[in-house]
Number of protein chains: 2
Amino acid sequence: MDIMQEITGLELSPKKVEYLKFLLKKGGLVKTTDISNELNVDPSTSTKTITDLSESGYVDHVPYRGVQLTEVGKQYAEFFVNRHNILSLMLTHYGLSSEESCAEVSRFESFISKNAIDRICDSMGHPTVGVCGKIKHISCGSLDRL
Amino acid sequence: MDIMQEITGLELSPKKVEYLKFLLKKGGLVKTTDISNELNVDPSTSTKTITDLSESGYVDHVPYRGVQLTEVGKQYAEFFVNRHNILSLMLTHYGLSSEESCAEVSRFESFISKNAIDRICDSMGHPTVGVCGKIKHISCGSLDRL
DNA sequence: ATCAATCATTGGTATAATACCAAATAAGTT
DNA sequence: AACTTATTTGGTATTATACCAATGATTGAT
């Protein structure tokens with residue numbers, strides 16, 4: 001059930017990570033056009049990327065109707081959001097502003113392993129409030145999760 | 001003179017960063033074959049990459065003879081090494097081993113801005129010893145540099 | 001219920017980064 | 001000078017990302 005146990009966190013490319021995070025934020029059935037608006041890409045680009053994500057099992061795509069995270073996709077997306085939040089919070093501890101941290105993290109987050117995030121999260125005492133949003137600890141290996 | 005003043009740190013692609021770091025480590029005139037051995041790429045690949053770096057002004061390349069960092073290239077390379085060391089050191093503060101930190105950092109270091117590194121370095125009190133090697137503070141904006 | 005307008009997809013093409021192979025060329029060695 | 005080894009060139013491939021133009025689907029209005 002817990003797919004997150006054996007992942008590296010490096011499975012998806014930077015842009016695909018953005019797609020999943022947006023799908024989670026939006027929730028439910030999302031139009032590919034919404035994605036292209038949010039991520040500032042041509043609709044054809046989002047359709048193609050969604051097709052990829054669909055073939056890899058992260059989303060369900062019904063052409064002309066919409067996209068939705070699969071259960072696996074949702075778990076990944078939650079990890080991605082947490083990863084972003086943990087890392088942003090971490091950088092603010094070094095004197096970067098929330099905005100700077102967030103921008104910085106956006107550039108490199110997809111290259112940080114789940115293992116590293118788990119350690120960092122652990123070491124920070126599993127904070128629940130970040131600078132970019134709340135942090136959940138469902139997939140981070142925390143003993144006090146739920 | 002201090003070119004490092006106005007750089008973002010994001011000018012070079014991940015692989016090119018590796019090239020410059022290796023050239024700095026090796027020092028002097030380096031054969032493209034040495035590079036291809038070190039970085040595990042075909043000699044033709046290293047030649048092409050070096051040609052790029054040469055056209056961008058980071059190295060001087062005399063075909064069939066060798067490559068050498070330009071002054072600008074050397075300053076960049078020094079920044080890259082410091083960036084790696086600072087980030088590795090930072091991650092060890094969160095419970096990652098030296099090896100883990102180093103491996104982790106190797107994946108994302110080229111996406112961290114010089115600005116962020118300067119702040120982190122500042123915040124850590126300009127450490128001179130990292131887990132991947134010594135840290136110099138020539139380009140980090142430290143007042144106590146030199 | 002059909003047509004027009006809008007939305008979404010497909011097909012083609014492009015770029016940057018990275019890589020390999022085979023062929024050609026230069027260097028070094030005897 | 002010939003032969004061997006090192007290096008470069010030219011061609012091609014892959015992955016990730018992107019756009020445009022054309023096609024196809026959906027929907028809202030009449």
# chains A, B, ... in the order shown; residues from 1 in each chain; ligands from 1

call {"tool": "residues_around", "arguments": {"residues": "Ser36 in chain B", "least_positions_apart": "2", "cutoff": "12 Å", "atoms": "only C-alpha atoms (C1' of nucleotides)", "output": "ChimeraX atom specification"}}
result
/B:15,18-19,22-23,30-34,38-50 /C:19 /D:7

call {"tool": "calpha_fit_and_write", "arguments": {"fixed": "chain B", "moving": "chain A", "output": "short mmCIF file (atom, residue, chain, number, x, y, z; two decimals) with N, CA and C atoms, in the first residue's frame"}}
result
data_model
loop_
_atom_site.label_atom_id
_atom_site.label_comp_id
_atom_site.auth_asym_id
_atom_site.auth_seq_id
_atom_site.Cartn_x
_atom_site.Cartn_y
_atom_site.Cartn_z
N MET A 1 37.93 43.40 -12.09
CA MET A 1 38.78 42.25 -11.80
C MET A 1 37.98 41.10 -11.18
N ASP A 2 37.14 41.46 -10.23
CA ASP A 2 36.38 40.41 -9.58
C ASP A 2 35.12 40.09 -10.35
N ILE A 3 35.30 39.17 -11.29
CA ILE A 3 34.20 38.77 -12.16
C ILE A 3 33.06 38.15 -11.35
N MET A 4 33.41 37.56 -10.25
CA MET A 4 32.45 36.81 -9.45
C MET A 4 31.36 37.68 -8.83
N GLN A 5 31.60 38.98 -8.90
CA GLN A 5 30.65 39.89 -8.27
C GLN A 5 29.25 39.80 -8.85
N GLU A 6 29.18 39.63 -10.14
CA GLU A 6 27.87 39.78 -10.78
C GLU A 6 27.34 38.50 -11.39
N ILE A 7 27.89 37.38 -11.00
CA ILE A 7 27.42 36.15 -11.59
C ILE A 7 26.25 35.57 -10.80
N THR A 8 25.49 34.73 -11.46
CA THR A 8 24.37 34.09 -10.77
C THR A 8 24.80 32.73 -10.24
N GLY A 9 25.81 32.15 -10.84
CA GLY A 9 26.22 30.81 -10.45
C GLY A 9 25.47 29.75 -11.23
N LEU A 10 24.56 30.22 -12.09
CA LEU A 10 23.72 29.28 -12.84
C LEU A 10 24.09 29.26 -14.32
N GLU A 11 25.23 29.81 -14.63
CA GLU A 11 25.61 29.96 -16.03
C GLU A 11 25.92 28.64 -16.73
N LEU A 12 26.41 27.68 -15.99
CA LEU A 12 26.85 26.45 -16.64
C LEU A 12 25.98 25.24 -16.32
N SER A 13 25.86 24.37 -17.30
CA SER A 13 25.09 23.14 -17.13
C SER A 13 25.84 22.18 -16.19
N PRO A 14 25.11 21.24 -15.60
CA PRO A 14 25.70 20.32 -14.63
C PRO A 14 27.01 19.68 -15.11
N LYS A 15 26.99 19.18 -16.29
CA LYS A 15 28.18 18.48 -16.76
C LYS A 15 29.35 19.45 -16.95
N LYS A 16 29.06 20.62 -17.43
CA LYS A 16 30.12 21.61 -17.63
C LYS A 16 30.74 22.03 -16.31
N VAL A 17 29.92 22.07 -15.28
CA VAL A 17 30.45 22.37 -13.96
C VAL A 17 31.46 21.30 -13.56
N GLU A 18 31.14 20.07 -13.86
CA GLU A 18 32.07 18.97 -13.56
C GLU A 18 33.39 19.15 -14.30
N TYR A 19 33.28 19.55 -15.54
CA TYR A 19 34.50 19.76 -16.32
C TYR A 19 35.39 20.79 -15.65
N LEU A 20 34.80 21.93 -15.30
CA LEU A 20 35.62 23.00 -14.69
C LEU A 20 36.21 22.56 -13.36
N LYS A 21 35.43 21.86 -12.57
CA LYS A 21 35.96 21.41 -11.28
C LYS A 21 37.14 20.46 -11.49
N PHE A 22 37.00 19.60 -12.46
CA PHE A 22 38.11 18.67 -12.71
C PHE A 22 39.34 19.41 -13.22
N LEU A 23 39.14 20.35 -14.10
CA LEU A 23 40.27 21.12 -14.63
C LEU A 23 41.00 21.85 -13.52
N LEU A 24 40.24 22.36 -12.57
CA LEU A 24 40.88 23.05 -11.44
C LEU A 24 41.66 22.06 -10.59
N LYS A 25 41.06 20.94 -10.33
CA LYS A 25 41.71 19.93 -9.48
C LYS A 25 43.01 19.46 -10.12
N LYS A 26 42.92 19.17 -11.40
CA LYS A 26 44.08 18.67 -12.13
C LYS A 26 45.14 19.77 -12.27
N GLY A 27 44.70 20.93 -12.64
CA GLY A 27 45.63 22.05 -12.77
C GLY A 27 46.44 22.01 -14.04
N GLY A 28 46.83 23.17 -14.52
CA GLY A 28 47.67 23.25 -15.72
C GLY A 28 46.99 22.77 -16.98
N LEU A 29 47.81 22.30 -17.89
CA LEU A 29 47.32 21.86 -19.19
C LEU A 29 46.81 20.43 -19.08
N VAL A 30 45.58 20.22 -19.45
CA VAL A 30 44.96 18.90 -19.28
C VAL A 30 44.55 18.33 -20.64
N LYS A 31 44.79 17.06 -20.83
CA LYS A 31 44.38 16.40 -22.06
C LYS A 31 42.88 16.13 -22.04
N THR A 32 42.26 16.24 -23.18
CA THR A 32 40.82 15.97 -23.24
C THR A 32 40.55 14.50 -22.87
N THR A 33 41.54 13.68 -23.10
CA THR A 33 41.41 12.26 -22.76
C THR A 33 41.38 12.04 -21.25
N ASP A 34 42.16 12.84 -20.54
CA ASP A 34 42.11 12.77 -19.08
C ASP A 34 40.70 13.07 -18.60
N ILE A 35 40.13 14.07 -19.22
CA ILE A 35 38.76 14.45 -18.85
C ILE A 35 37.80 13.30 -19.13
N SER A 36 37.92 12.74 -20.32
CA SER A 36 36.98 11.68 -20.68
C SER A 36 37.15 10.46 -19.77
N ASN A 37 38.36 10.22 -19.32
CA ASN A 37 38.57 9.13 -18.38
C ASN A 37 37.92 9.44 -17.04
N GLU A 38 38.19 10.62 -16.54
CA GLU A 38 37.68 11.02 -15.24
C GLU A 38 36.15 11.06 -15.22
N LEU A 39 35.58 11.62 -16.27
CA LEU A 39 34.13 11.80 -16.26
C LEU A 39 33.39 10.67 -16.95
N ASN A 40 34.14 9.66 -17.36
CA ASN A 40 33.52 8.51 -17.99
C ASN A 40 32.66 8.84 -19.20
N VAL A 41 33.23 9.61 -20.08
CA VAL A 41 32.55 9.88 -21.34
C VAL A 41 33.52 9.59 -22.48
N ASP A 42 32.97 9.44 -23.66
CA ASP A 42 33.78 9.21 -24.84
C ASP A 42 34.68 10.42 -25.07
N PRO A 43 35.90 10.18 -25.55
CA PRO A 43 36.79 11.31 -25.85
C PRO A 43 36.14 12.35 -26.76
N SER A 44 35.36 11.87 -27.70
CA SER A 44 34.71 12.83 -28.61
C SER A 44 33.76 13.75 -27.86
N THR A 45 33.17 13.20 -26.83
CA THR A 45 32.26 14.02 -26.02
C THR A 45 33.03 15.10 -25.28
N SER A 46 34.14 14.73 -24.68
CA SER A 46 34.88 15.75 -23.93
C SER A 46 35.44 16.81 -24.88
N THR A 47 35.90 16.40 -26.03
CA THR A 47 36.39 17.38 -26.98
C THR A 47 35.29 18.39 -27.33
N LYS A 48 34.12 17.87 -27.60
CA LYS A 48 33.03 18.77 -27.98
C LYS A 48 32.66 19.71 -26.85
N THR A 49 32.59 19.16 -25.65
CA THR A 49 32.21 20.01 -24.53
C THR A 49 33.28 21.07 -24.27
N ILE A 50 34.52 20.65 -24.41
CA ILE A 50 35.61 21.60 -24.22
C ILE A 50 35.55 22.71 -25.27
N THR A 51 35.19 22.34 -26.46
CA THR A 51 35.04 23.35 -27.52
C THR A 51 33.98 24.38 -27.12
N ASP A 52 32.88 23.90 -26.58
CA ASP A 52 31.84 24.79 -26.06
C ASP A 52 32.40 25.72 -25.00
N LEU A 53 33.04 25.12 -24.00
CA LEU A 53 33.57 25.90 -22.88
C LEU A 53 34.59 26.91 -23.36
N SER A 54 35.31 26.52 -24.39
CA SER A 54 36.31 27.41 -24.96
C SER A 54 35.64 28.60 -25.63
N GLU A 55 34.60 28.31 -26.39
CA GLU A 55 33.88 29.39 -27.07
C GLU A 55 33.22 30.34 -26.08
N SER A 56 32.89 29.83 -24.91
CA SER A 56 32.27 30.68 -23.89
C SER A 56 33.30 31.37 -23.02
N GLY A 57 34.57 31.06 -23.25
CA GLY A 57 35.62 31.78 -22.54
C GLY A 57 36.05 31.21 -21.20
N TYR A 58 35.64 29.99 -20.90
CA TYR A 58 36.03 29.42 -19.62
C TYR A 58 37.36 28.68 -19.68
N VAL A 59 37.69 28.21 -20.88
CA VAL A 59 38.96 27.49 -21.03
C VAL A 59 39.66 27.92 -22.32
N ASP A 60 40.95 27.67 -22.35
CA ASP A 60 41.70 27.81 -23.59
C ASP A 60 42.00 26.40 -24.08
N HIS A 61 41.71 26.18 -25.33
CA HIS A 61 41.93 24.84 -25.87
C HIS A 61 42.82 24.92 -27.10
N VAL A 62 43.94 24.24 -27.02
CA VAL A 62 44.80 24.12 -28.18
C VAL A 62 44.63 22.70 -28.70
N PRO A 63 43.95 22.54 -29.82
CA PRO A 63 43.64 21.21 -30.31
C PRO A 63 44.86 20.30 -30.34
N TYR A 64 44.66 19.10 -29.92
CA TYR A 64 45.71 18.06 -29.86
C TYR A 64 46.75 18.30 -28.77
N ARG A 65 46.64 19.43 -28.07
CA ARG A 65 47.66 19.72 -27.07
C ARG A 65 47.09 19.70 -25.66
N GLY A 66 45.99 20.37 -25.47
CA GLY A 66 45.42 20.35 -24.13
C GLY A 66 44.51 21.53 -23.84
N VAL A 67 43.92 21.49 -22.67
CA VAL A 67 42.98 22.50 -22.22
C VAL A 67 43.48 23.11 -20.93
N GLN A 68 43.09 24.34 -20.73
CA GLN A 68 43.49 25.03 -19.51
C GLN A 68 42.41 26.04 -19.14
N LEU A 69 42.19 26.21 -17.87
CA LEU A 69 41.22 27.20 -17.42
C LEU A 69 41.69 28.59 -17.76
N THR A 70 40.80 29.43 -18.18
CA THR A 70 41.12 30.85 -18.29
C THR A 70 41.00 31.45 -16.89
N GLU A 71 41.32 32.70 -16.75
CA GLU A 71 41.21 33.32 -15.44
C GLU A 71 39.75 33.29 -14.98
N VAL A 72 38.86 33.60 -15.89
CA VAL A 72 37.43 33.54 -15.56
C VAL A 72 37.03 32.12 -15.20
N GLY A 73 37.46 31.19 -16.02
CA GLY A 73 37.13 29.79 -15.77
C GLY A 73 37.62 29.33 -14.41
N LYS A 74 38.81 29.79 -14.05
CA LYS A 74 39.37 29.39 -12.77
C LYS A 74 38.54 29.94 -11.62
N GLN A 75 38.11 31.16 -11.75
CA GLN A 75 37.30 31.75 -10.69
C GLN A 75 35.96 31.03 -10.57
N TYR A 76 35.38 30.71 -11.70
CA TYR A 76 34.14 29.93 -11.68
C TYR A 76 34.39 28.58 -11.01
N ALA A 77 35.45 27.92 -11.44
CA ALA A 77 35.75 26.59 -10.91
C ALA A 77 35.91 26.64 -9.41
N GLU A 78 36.57 27.69 -8.92
CA GLU A 78 36.75 27.81 -7.48
C GLU A 78 35.41 28.00 -6.78
N PHE A 79 34.58 28.78 -7.40
CA PHE A 79 33.23 28.94 -6.84
C PHE A 79 32.49 27.60 -6.83
N PHE A 80 32.61 26.87 -7.92
CA PHE A 80 31.91 25.58 -8.01
C PHE A 80 32.38 24.62 -6.93
N VAL A 81 33.67 24.59 -6.69
CA VAL A 81 34.20 23.71 -5.65
C VAL A 81 33.70 24.15 -4.28
N ASN A 82 33.75 25.45 -4.05
CA ASN A 82 33.25 25.94 -2.77
C ASN A 82 31.77 25.66 -2.60
N ARG A 83 31.05 25.87 -3.66
CA ARG A 83 29.61 25.61 -3.59
C ARG A 83 29.35 24.16 -3.19
N HIS A 84 30.07 23.29 -3.86
CA HIS A 84 29.91 21.87 -3.52
C HIS A 84 30.24 21.61 -2.05
N ASN A 85 31.32 22.19 -1.61
CA ASN A 85 31.75 21.93 -0.24
C ASN A 85 30.82 22.52 0.81
N ILE A 86 30.38 23.72 0.56
CA ILE A 86 29.43 24.36 1.48
C ILE A 86 28.14 23.56 1.58
N LEU A 87 27.64 23.16 0.42
CA LEU A 87 26.37 22.44 0.42
C LEU A 87 26.52 21.06 1.08
N SER A 88 27.63 20.41 0.81
CA SER A 88 27.84 19.10 1.44
C SER A 88 27.91 19.24 2.95
N LEU A 89 28.66 20.24 3.37
CA LEU A 89 28.76 20.48 4.81
C LEU A 89 27.39 20.75 5.40
N MET A 90 26.62 21.56 4.70
CA MET A 90 25.27 21.88 5.17
C MET A 90 24.45 20.61 5.37
N LEU A 91 24.47 19.73 4.39
CA LEU A 91 23.64 18.52 4.51
C LEU A 91 24.09 17.60 5.64
N THR A 92 25.38 17.61 5.93
CA THR A 92 25.81 16.76 7.04
C THR A 92 25.24 17.26 8.36
N HIS A 93 24.85 18.51 8.40
CA HIS A 93 24.23 19.03 9.62
C HIS A 93 22.82 18.48 9.81
N TYR A 94 22.35 17.77 8.82
CA TYR A 94 21.00 17.19 8.92
C TYR A 94 21.05 15.67 8.95
N GLY A 95 22.18 15.17 9.39
CA GLY A 95 22.27 13.73 9.60
C GLY A 95 22.68 12.89 8.41
N LEU A 96 23.04 13.52 7.32
CA LEU A 96 23.55 12.73 6.20
C LEU A 96 25.05 12.51 6.38
N SER A 97 25.52 11.36 5.97
CA SER A 97 26.96 11.10 6.05
C SER A 97 27.68 11.93 4.99
N SER A 98 28.98 12.02 5.13
CA SER A 98 29.77 12.76 4.15
C SER A 98 29.53 12.25 2.75
N GLU A 99 29.52 10.93 2.62
CA GLU A 99 29.34 10.33 1.30
C GLU A 99 27.96 10.63 0.74
N GLU A 100 26.97 10.47 1.59
CA GLU A 100 25.61 10.75 1.14
C GLU A 100 25.46 12.21 0.73
N SER A 101 25.98 13.08 1.58
CA SER A 101 25.89 14.52 1.29
C SER A 101 26.53 14.83 -0.04
N CYS A 102 27.73 14.30 -0.20
CA CYS A 102 28.48 14.58 -1.41
C CYS A 102 27.73 14.09 -2.64
N ALA A 103 27.20 12.90 -2.55
CA ALA A 103 26.46 12.33 -3.68
C ALA A 103 25.21 13.13 -3.97
N GLU A 104 24.53 13.49 -2.91
CA GLU A 104 23.30 14.26 -3.05
C GLU A 104 23.59 15.60 -3.73
N VAL A 105 24.57 16.28 -3.17
CA VAL A 105 24.93 17.60 -3.67
C VAL A 105 25.36 17.54 -5.14
N SER A 106 26.04 16.48 -5.48
CA SER A 106 26.50 16.35 -6.88
C SER A 106 25.35 16.40 -7.86
N ARG A 107 24.20 16.00 -7.41
CA ARG A 107 23.05 16.00 -8.31
C ARG A 107 22.42 17.35 -8.51
N PHE A 108 22.51 18.22 -7.48
CA PHE A 108 21.75 19.47 -7.58
C PHE A 108 22.57 20.75 -7.50
N GLU A 109 23.82 20.64 -7.19
CA GLU A 109 24.63 21.83 -6.92
C GLU A 109 24.59 22.89 -8.02
N SER A 110 24.50 22.45 -9.25
CA SER A 110 24.56 23.45 -10.33
C SER A 110 23.31 24.31 -10.43
N PHE A 111 22.32 24.01 -9.61
CA PHE A 111 21.10 24.81 -9.64
C PHE A 111 20.99 25.75 -8.45
N ILE A 112 22.05 25.84 -7.68
CA ILE A 112 22.03 26.74 -6.52
C ILE A 112 22.78 28.02 -6.88
N SER A 113 22.14 29.12 -6.65
CA SER A 113 22.71 30.41 -7.03
C SER A 113 23.87 30.82 -6.13
N LYS A 114 24.70 31.68 -6.66
CA LYS A 114 25.79 32.21 -5.87
C LYS A 114 25.25 33.01 -4.69
N ASN A 115 24.18 33.70 -4.93
CA ASN A 115 23.56 34.47 -3.86
C ASN A 115 23.20 33.56 -2.68
N ALA A 116 22.57 32.44 -2.97
CA ALA A 116 22.20 31.52 -1.90
C ALA A 116 23.44 31.00 -1.18
N ILE A 117 24.45 30.65 -1.95
CA ILE A 117 25.67 30.13 -1.34
C ILE A 117 26.30 31.18 -0.41
N ASP A 118 26.31 32.42 -0.87
CA ASP A 118 26.88 33.49 -0.04
C ASP A 118 26.15 33.60 1.29
N ARG A 119 24.83 33.51 1.21
CA ARG A 119 24.04 33.61 2.44
C ARG A 119 24.33 32.44 3.36
N ILE A 120 24.32 31.25 2.77
CA ILE A 120 24.54 30.05 3.57
C ILE A 120 25.93 30.09 4.22
N CYS A 121 26.88 30.48 3.40
CA CYS A 121 28.26 30.54 3.87
C CYS A 121 28.38 31.53 5.02
N ASP A 122 27.76 32.65 4.85
CA ASP A 122 27.71 33.67 5.88
C ASP A 122 27.11 33.12 7.16
N SER A 123 25.97 32.51 6.99
CA SER A 123 25.22 31.99 8.11
C SER A 123 25.97 30.89 8.86
N MET A 124 26.82 30.18 8.13
CA MET A 124 27.59 29.11 8.78
C MET A 124 28.90 29.65 9.34
N GLY A 125 29.13 30.93 9.22
CA GLY A 125 30.34 31.52 9.77
C GLY A 125 31.59 31.23 8.95
N HIS A 126 31.40 31.08 7.65
CA HIS A 126 32.53 30.88 6.73
C HIS A 126 33.49 29.78 7.17
N PRO A 127 32.96 28.58 7.25
CA PRO A 127 33.81 27.45 7.65
C PRO A 127 34.92 27.24 6.63
N THR A 128 36.04 26.78 7.13
CA THR A 128 37.16 26.57 6.20
C THR A 128 37.38 25.10 5.90
N VAL A 129 36.72 24.26 6.66
CA VAL A 129 36.87 22.84 6.41
C VAL A 129 35.51 22.22 6.15
N GLY A 130 35.38 21.59 5.01
CA GLY A 130 34.12 20.93 4.67
C GLY A 130 34.27 19.44 4.79
N VAL A 131 33.33 18.71 4.27
CA VAL A 131 33.43 17.26 4.32
C VAL A 131 33.96 16.72 2.99
N CYS A 132 33.99 17.57 2.00
CA CYS A 132 34.50 17.16 0.69
C CYS A 132 35.78 17.89 0.35
N GLY A 133 36.29 18.66 1.28
CA GLY A 133 37.51 19.40 1.00
C GLY A 133 37.47 20.77 1.65
N LYS A 134 38.59 21.44 1.56
CA LYS A 134 38.70 22.74 2.17
C LYS A 134 37.83 23.77 1.46
N ILE A 135 37.42 24.78 2.21
CA ILE A 135 36.56 25.82 1.66
C ILE A 135 37.30 27.14 1.71
N LYS A 136 37.39 27.79 0.59
CA LYS A 136 38.01 29.11 0.55
C LYS A 136 36.91 30.16 0.45
N HIS A 137 37.22 31.37 0.81
CA HIS A 137 36.16 32.38 0.81
C HIS A 137 36.52 33.59 -0.02
N ILE A 138 37.09 33.30 -1.16
CA ILE A 138 37.51 34.37 -2.02
C ILE A 138 36.33 35.04 -2.70
N SER A 139 35.34 34.23 -3.06
CA SER A 139 34.26 34.77 -3.89
C SER A 139 32.93 34.81 -3.18
N CYS A 140 32.94 34.63 -1.85
CA CYS A 140 31.64 34.47 -1.20
C CYS A 140 31.14 35.72 -0.54
N GLY A 141 31.85 36.81 -0.72
CA GLY A 141 31.36 38.04 -0.14
C GLY A 141 31.68 38.17 1.34
N SER A 142 32.50 37.28 1.84
CA SER A 142 32.88 37.36 3.24
C SER A 142 33.74 38.59 3.48
N LEU A 143 33.53 39.23 4.59
CA LEU A 143 34.32 40.42 4.90
C LEU A 143 35.73 40.02 5.33
N ASP A 144 35.82 38.86 5.95
CA ASP A 144 37.12 38.43 6.43
C ASP A 144 37.89 37.59 5.41
N ARG A 145 37.55 37.80 4.15
CA ARG A 145 38.30 37.04 3.15
C ARG A 145 39.70 37.64 3.02
N LEU A 146 40.66 36.76 2.92
CA LEU A 146 42.07 37.15 2.79
C LEU A 146 42.47 38.29 3.71
#

call {"tool": "closest_atom_pairs", "arguments": {"of": "chain C", "to": "chain B", "cutoff": "8 Å", "atoms": "only C-alpha atoms (C1' of nucleotides)", "output": "Markdown table"}}
result
| residue | atom | partner | partner_atom | distance |
| --- | --- | --- | --- | --- |
| C:DA17 | C1' | B:Ser13 | CA | 7.7 |
| C:DA19 | C1' | B:Thr45 | CA | 6.8 |
| C:DC20 | C1' | B:Asp42 | CA | 7.1 |
| C:DA26 | C1' | B:Tyr64 | CA | 7.0 |
| C:DA27 | C1' | B:Tyr64 | CA | 7.7 |

call {"tool": "write_last_selection", "arguments": {"atoms": "N, CA and C atoms (P, O5', C5', C4', C3', O3' and C1' of nucleotides)", "output": "mmCIF file, in the first residue's frame"}}
result
data_model
loop_
_atom_site.group_PDB
_atom_site.id
_atom_site.type_symbol
_atom_site.label_atom_id
_atom_site.label_comp_id
_atom_site.auth_asym_id
_atom_site.auth_seq_id
_atom_site.Cartn_x
_atom_site.Cartn_y
_atom_site.Cartn_z
ATOM 1 P P DA C 17 22.553 24.291 -22.915
ATOM 2 O "O5'" DA C 17 22.683 22.771 -22.427
ATOM 3 C "C5'" DA C 17 21.736 22.240 -21.540
ATOM 4 C "C4'" DA C 17 21.958 20.745 -21.439
ATOM 5 C "C3'" DA C 17 23.437 20.337 -21.377
ATOM 6 O "O3'" DA C 17 23.618 19.505 -20.233
ATOM 7 C "C1'" DA C 17 22.281 19.070 -23.003
ATOM 8 P P DA C 19 27.425 13.036 -20.584
ATOM 9 O "O5'" DA C 19 27.275 12.171 -21.919
ATOM 10 C "C5'" DA C 19 26.431 11.037 -21.903
ATOM 11 C "C4'" DA C 19 26.374 10.437 -23.276
ATOM 12 C "C3'" DA C 19 27.741 10.076 -23.872
ATOM 13 O "O3'" DA C 19 28.075 8.744 -23.524
ATOM 14 C "C1'" DA C 19 26.223 10.944 -25.499
ATOM 15 P P DC C 20 29.518 8.161 -23.896
ATOM 16 O "O5'" DC C 20 29.277 7.294 -25.223
ATOM 17 C "C5'" DC C 20 28.108 6.507 -25.383
ATOM 18 C "C4'" DC C 20 27.945 6.159 -26.861
ATOM 19 C "C3'" DC C 20 29.251 5.682 -27.488
ATOM 20 O "O3'" DC C 20 29.118 4.301 -27.856
ATOM 21 C "C1'" DC C 20 28.228 7.428 -28.809
ATOM 22 P P DA C 26 45.646 17.618 -39.899
ATOM 23 O "O5'" DA C 26 46.520 17.635 -38.572
ATOM 24 C "C5'" DA C 26 45.871 17.906 -37.333
ATOM 25 C "C4'" DA C 26 46.606 17.172 -36.229
ATOM 26 C "C3'" DA C 26 48.115 17.390 -36.219
ATOM 27 O "O3'" DA C 26 48.415 17.986 -34.971
ATOM 28 C "C1'" DA C 26 47.576 15.097 -35.933
ATOM 29 P P DA C 27 49.867 18.506 -34.624
ATOM 30 O "O5'" DA C 27 50.420 17.268 -33.775
ATOM 31 C "C5'" DA C 27 49.536 16.650 -32.848
ATOM 32 C "C4'" DA C 27 50.266 15.641 -31.987
ATOM 33 C "C3'" DA C 27 51.755 15.892 -31.810
ATOM 34 O "O3'" DA C 27 52.012 15.749 -30.425
ATOM 35 C "C1'" DA C 27 51.385 13.726 -32.791
#

call {"tool": "atom_distance", "arguments": {"atom1": "C1' of DG11 in chain D", "atom2": "C1' of DT25 in chain C"}}
result
16.8 Å

call {"tool": "interface_residues", "arguments": {"of": "chain D", "to": "chain A", "cutoff": "8 Å", "atoms": "only C-alpha atoms (C1' of nucleotides)", "output": "ChimeraX atom specification"}}
result
/D:16,18-19,25-26

call {"tool": "residues_around", "arguments": {"residues": "DT27 in chain D", "least_positions_apart": "4", "cutoff": "10 Å", "atoms": "only C-alpha atoms (C1' of nucleotides)", "output": "mmCIF file with C-alpha atoms (C1' of nucleotides), in the first residue's frame"}}
result
data_model
loop_
_atom_site.group_PDB
_atom_site.id
_atom_site.type_symbol
_atom_site.label_atom_id
_atom_site.label_comp_id
_atom_site.auth_asym_id
_atom_site.auth_seq_id
_atom_site.Cartn_x
_atom_site.Cartn_y
_atom_site.Cartn_z
ATOM 1 C "C1'" DA C 5 -17.028 28.986 -31.533
ATOM 2 C "C1'" DT C 6 -14.025 27.177 -28.374
ATOM 3 C "C1'" DC C 7 -11.232 23.697 -26.378
#

call {"tool": "decode", "arguments": {"residues": "range 35-44 of chain A", "atoms": "N, CA and C atoms", "output": "PDB file, in the first residue's frame"}}
result
ATOM      1  N   ILE A  35      -3.705  23.551 -16.803  1.00  0.00           N
ATOM      2  CA  ILE A  35      -2.280  23.293 -16.573  1.00  0.00           C
ATOM      3  C   ILE A  35      -1.431  24.220 -17.429  1.00  0.00           C
ATOM      4  N   SER A  36      -1.789  24.310 -18.697  1.00  0.00           N
ATOM      5  CA  SER A  36      -0.967  25.140 -19.583  1.00  0.00           C
ATOM      6  C   SER A  36      -1.007  26.610 -19.167  1.00  0.00           C
ATOM      7  N   ASN A  37      -2.126  27.037 -18.623  1.00  0.00           N
ATOM      8  CA  ASN A  37      -2.198  28.408 -18.118  1.00  0.00           C
ATOM      9  C   ASN A  37      -1.299  28.581 -16.902  1.00  0.00           C
ATOM     10  N   GLU A  38      -1.438  27.674 -15.970  1.00  0.00           N
ATOM     11  CA  GLU A  38      -0.674  27.763 -14.727  1.00  0.00           C
ATOM     12  C   GLU A  38       0.824  27.681 -14.978  1.00  0.00           C
ATOM     13  N   LEU A  39       1.215  26.757 -15.832  1.00  0.00           N
ATOM     14  CA  LEU A  39       2.651  26.541 -16.026  1.00  0.00           C
ATOM     15  C   LEU A  39       3.209  27.314 -17.207  1.00  0.00           C
ATOM     16  N   ASN A  40       2.357  28.129 -17.808  1.00  0.00           N
ATOM     17  CA  ASN A  40       2.812  28.949 -18.923  1.00  0.00           C
ATOM     18  C   ASN A  40       3.445  28.172 -20.066  1.00  0.00           C
ATOM     19  N   VAL A  41       2.749  27.157 -20.475  1.00  0.00           N
ATOM     20  CA  VAL A  41       3.202  26.422 -21.657  1.00  0.00           C
ATOM     21  C   VAL A  41       2.031  26.307 -22.622  1.00  0.00           C
ATOM     22  N   ASP A  42       2.345  25.998 -23.854  1.00  0.00           N
ATOM     23  CA  ASP A  42       1.325  25.811 -24.865  1.00  0.00           C
ATOM     24  C   ASP A  42       0.440  24.629 -24.470  1.00  0.00           C
ATOM     25  N   PRO A  43      -0.854  24.716 -24.776  1.00  0.00           N
ATOM     26  CA  PRO A  43      -1.743  23.589 -24.477  1.00  0.00           C
ATOM     27  C   PRO A  43      -1.231  22.263 -25.046  1.00  0.00           C
ATOM     28  N   SER A  44      -0.656  22.338 -26.222  1.00  0.00           N
ATOM     29  CA  SER A  44      -0.154  21.098 -26.815  1.00  0.00           C
ATOM     30  C   SER A  44       0.954  20.486 -25.973  1.00  0.00           C
TER      31      SER A  44
END
